[in-house]
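Undergrad: Structure: model14.tsv, TSV, C-alpha atoms.
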chain	number	residue	atom	x	y	z
A	28	MET	CA	176.57	-107.63	-69.39
A	29	THR	CA	172.98	-107.17	-70.52
A	30	ARG	CA	171.97	-104.69	-73.23
A	31	GLU	CA	170.61	-102.34	-70.58
A	32	GLU	CA	173.81	-102.54	-68.48
A	33	MET	CA	175.93	-101.84	-71.55
A	34	ILE	CA	173.87	-98.77	-72.45
A	35	LEU	CA	173.83	-97.42	-68.87
A	36	ASN	CA	177.59	-97.88	-68.51
A	37	TYR	CA	178.19	-96.27	-71.89
A	38	TYR	CA	176.24	-93.13	-70.92
A	39	ARG	CA	177.85	-93.04	-67.46
A	40	LEU	CA	181.35	-93.07	-68.95
A	41	ALA	CA	180.87	-91.15	-72.22
A	42	ALA	CA	182.74	-87.87	-72.68
A	43	ALA	CA	180.17	-86.70	-75.25
A	44	HIS	CA	176.48	-86.15	-74.62
A	45	LYS	CA	175.57	-84.93	-78.08
A	46	TYR	CA	175.42	-87.02	-81.22
A	47	PHE	CA	175.59	-86.39	-84.95
A	48	ILE	CA	173.69	-89.35	-86.39
A	49	GLY	CA	173.97	-89.91	-90.12
A	50	PHE	CA	171.53	-91.85	-92.23
A	51	ILE	CA	170.58	-92.41	-95.85
A	52	LEU	CA	167.01	-91.92	-97.05
A	53	ASP	CA	165.84	-91.75	-100.64
A	54	GLY	CA	169.41	-91.55	-101.91
A	55	ARG	CA	170.28	-88.56	-99.73
A	56	LEU	CA	172.68	-88.37	-96.78
A	57	TYR	CA	171.26	-86.69	-93.67
A	58	LEU	CA	172.61	-85.54	-90.34
A	59	ALA	CA	170.42	-85.52	-87.23
A	60	ILE	CA	171.66	-83.69	-84.16
A	61	VAL	CA	170.70	-85.42	-80.90
A	62	ASP	CA	171.20	-83.71	-77.56
A	63	GLY	CA	171.43	-86.15	-74.65
A	64	GLU	CA	170.66	-89.84	-74.78
A	65	LEU	CA	169.72	-91.57	-78.01
A	66	ASP	CA	166.23	-93.04	-78.35
A	67	ASP	CA	166.34	-96.49	-76.80
A	68	ASP	CA	164.54	-98.05	-79.77
A	69	ILE	CA	167.45	-97.30	-82.13
A	70	LEU	CA	170.00	-99.08	-79.92
A	71	LYS	CA	170.19	-102.74	-80.84
A	72	LEU	CA	172.09	-105.58	-79.19
A	73	ASP	CA	174.31	-107.35	-81.70
A	74	ARG	CA	177.21	-109.79	-81.59
A	75	ALA	CA	180.57	-109.82	-83.30
A	76	SER	CA	181.27	-112.91	-85.34
A	77	SER	CA	182.87	-115.81	-83.49
A	78	LYS	CA	185.96	-115.14	-85.62
A	79	ARG	CA	186.11	-111.68	-83.99
A	80	GLY	CA	185.49	-112.98	-80.46
A	81	GLY	CA	181.68	-113.14	-80.41
A	82	MET	CA	181.40	-110.27	-77.95
A	83	ALA	CA	178.17	-108.35	-77.44
A	84	LYS	CA	177.93	-104.87	-78.92
A	85	ILE	CA	175.39	-102.08	-79.20
A	86	ARG	CA	174.64	-100.76	-82.68
A	87	ILE	CA	172.66	-97.78	-83.89
A	88	ARG	CA	169.96	-98.99	-86.27
A	89	LEU	CA	167.28	-96.75	-87.72
A	90	ASN	CA	164.27	-98.08	-89.58
A	91	LYS	CA	162.68	-96.15	-92.45
A	92	ASP	CA	159.99	-94.55	-90.27
A	93	GLN	CA	162.59	-93.32	-87.78
A	94	LYS	CA	164.63	-91.85	-90.64
A	95	ARG	CA	161.56	-90.09	-92.02
A	96	ASP	CA	160.74	-88.72	-88.55
A	97	LEU	CA	164.28	-87.37	-88.18
A	98	ARG	CA	164.12	-85.78	-91.63
A	99	ARG	CA	160.78	-84.12	-90.77
A	100	ALA	CA	162.24	-82.92	-87.47
A	101	GLY	CA	164.93	-80.97	-89.33
A	102	ALA	CA	167.79	-83.33	-90.15
A	103	VAL	CA	170.39	-81.56	-92.31
A	104	ASP	CA	170.57	-82.71	-95.95
A	105	LEU	CA	174.27	-83.26	-96.70
A	106	GLY	CA	173.72	-84.19	-100.34
A	107	ASN	CA	173.83	-87.31	-102.44
A	108	ALA	CA	174.53	-90.49	-100.47
A	109	ALA	CA	176.95	-91.62	-103.19
A	110	GLN	CA	179.61	-89.42	-101.56
A	111	LEU	CA	180.01	-92.23	-99.01
A	112	ASP	CA	180.94	-94.67	-101.78
A	113	VAL	CA	184.37	-93.21	-102.54
A	114	ASP	CA	187.09	-95.73	-103.38
A	115	ASP	CA	189.63	-95.06	-100.63
A	116	LYS	CA	190.99	-96.77	-97.53
A	117	TYR	CA	188.20	-95.54	-95.23
A	118	ASN	CA	184.84	-97.10	-94.39
A	119	LYS	CA	181.51	-95.28	-94.75
A	120	GLY	CA	181.44	-94.27	-91.08
A	121	GLU	CA	184.87	-92.68	-91.36
A	122	ARG	CA	183.84	-90.91	-94.56
A	123	PHE	CA	180.72	-89.61	-92.80
A	124	GLU	CA	182.85	-88.35	-89.91
A	125	ARG	CA	185.12	-86.57	-92.43
A	126	ILE	CA	182.13	-84.90	-94.13
A	127	VAL	CA	180.73	-83.73	-90.79
A	128	THR	CA	184.11	-82.54	-89.47
A	129	GLU	CA	184.88	-80.55	-92.59
A	130	ARG	CA	181.41	-79.19	-93.46
A	131	ILE	CA	179.67	-78.79	-90.11
A	132	VAL	CA	182.56	-78.25	-87.70
A	133	GLY	CA	184.82	-76.49	-90.22
A	134	GLU	CA	188.02	-78.33	-89.40
A	135	VAL	CA	190.31	-80.64	-91.33
A	136	TRP	CA	189.51	-84.27	-90.50
A	137	LYS	CA	192.14	-86.78	-89.50
A	138	LYS	CA	191.48	-90.33	-88.42
A	139	ASP	CA	192.10	-91.04	-84.77
A	140	SER	CA	191.16	-93.66	-82.21
A	141	VAL	CA	190.40	-91.60	-79.11
A	142	PRO	CA	188.21	-93.69	-76.76
A	143	PHE	CA	184.58	-92.60	-76.20
A	144	ASN	CA	185.28	-92.00	-72.50
A	145	VAL	CA	188.11	-89.55	-73.24
A	146	ALA	CA	186.52	-87.29	-75.89
A	147	GLY	CA	183.89	-87.14	-78.59
A	148	ASP	CA	184.74	-87.42	-82.27
A	149	VAL	CA	184.46	-83.65	-82.78
A	150	VAL	CA	184.03	-80.47	-80.78
A	151	TRP	CA	181.08	-78.42	-82.01
A	152	ASN	CA	179.95	-75.15	-80.42
A	153	GLY	CA	182.07	-76.05	-77.39
A	154	PHE	CA	180.48	-79.49	-76.93
A	155	GLN	CA	182.02	-82.94	-77.31
A	156	VAL	CA	180.01	-84.78	-80.01
A	157	GLN	CA	180.03	-88.44	-81.08
A	158	VAL	CA	179.60	-88.92	-84.84
A	159	LYS	CA	177.86	-92.14	-85.91
A	160	LEU	CA	176.43	-93.37	-89.19
A	161	ASP	CA	173.35	-95.61	-89.14
A	162	GLY	CA	174.53	-99.17	-88.51
A	163	ALA	CA	177.59	-98.07	-86.52
A	164	GLU	CA	178.74	-99.73	-83.35
A	165	LEU	CA	178.15	-97.47	-80.35
A	166	THR	CA	180.19	-99.67	-78.01
A	167	ASN	CA	181.08	-103.27	-77.21
A	168	GLU	CA	181.86	-105.35	-74.13
A	169	ARG	CA	185.63	-105.08	-74.46
A	170	THR	CA	185.62	-101.30	-74.90
A	171	LEU	CA	183.26	-100.87	-71.96
A	172	ALA	CA	185.36	-103.14	-69.73
A	173	ARG	CA	188.48	-101.06	-70.48
A	174	ALA	CA	186.65	-97.79	-69.78
A	175	MET	CA	185.12	-99.17	-66.56
A	176	ALA	CA	188.54	-100.35	-65.33
A	177	LEU	CA	189.98	-96.87	-65.91
A	178	ALA	CA	187.06	-95.25	-64.09
A	179	ALA	CA	187.32	-97.56	-61.06
Hey, can you dump this file as structure tokens for me?
TA:
Amino acid sequence: MTREEMILNYYRLAAAHKYFIGFILDGRLYLAIVDGELDDDILKLDRASSKRGGMAKIRIRLNKDQKRDLRRAGAVDLGNAAQLDVDDKYNKGERFERIVTERIVGEVWKKDSVPFNVAGDVVWNGFQVQVKLDGAELTNERTLARAMALAA
């Protein structure tokens, strides 16, 4: 699948059409709320290592100018970015999802693995929302193939 096909299929199958995008700028952690599709220029084609199968994947990658633009447009300052560097069993993306779930949504966070085509990561104001930290994988070929098979 090409990058464009992966992105189109992702949006066609996604249960969420809002995004909480997290990013770090000047030592601060921010949350940008995106309604609808993400800007195409932040979606980058990447590959898993050959050790992990070498499959194509789409990642969210923001450059410094994009982060500054989001901050100027009203991204929420969630505090010092060091809060993502806690020594626990979770990765930074999971820690960001916990912060958002507890502070923005007002619920207790628990790790799950619900597929993107079934539900978002959180429900906010009645909407399914995907929560992603800068650098996160949006989807990959294997995940899309599974979702497409279920939709067929």
Undergrad: Work out how far atom CA of Val113 of chain A is from atom CA of Leu89 of chain A, in Å to one decimal.
TA: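 Separation between atom CA of Leu89 of chain A and atom CA of Val113 of chain A: 22.9 Å.
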Undergrad: Atom CA of Gln157 of chain A and atom CA of Lys45 of chain A, how far apart in Å?
TA: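 Computing the Euclidean distance for atom CA of Lys45 of chain A and atom CA of Gln157 of chain A yields 6.4 Å.
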Undergrad: Measuring atom to atom with all atoms listed in the file, identify which of A:Ala109, A:Leu72, A:Ile126, A:Glu121 is nearest to Ser140 of chain A.
TA: A:Glu121
Undergrad: Please provide as a PyMOL selection string all residues within 12 Å of Val127 of chain A, with the sequence filter that same-chain residues fewer than 6 positions apart are discarded (counting only C-alpha atoms).
TA: chain A and resi 46-49+56-60+103-106+111+120-121+133-137+148-151+156-160
Undergrad: Would you mind telling me which residue in A:Asp67, A:Arg95, A:Arg88, A:Glu32 lies nearest to Leu52 of chain A when using only C-alpha atoms?
TA: A:Arg95
Undergrad: Could you tell me which of A:Met82, A:Met33, A:Ile87, A:Ala41 comes closest to Leu165 of chain A if we count all atoms listed in the file?
TA: A:Ile87
Undergrad: Separation of atom CA of Met28 of chain A and atom CA of Ala83 of chain A, in Å?
TA: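 Separation between atom CA of Met28 of chain A and atom CA of Ala83 of chain A: 8.2 Å.
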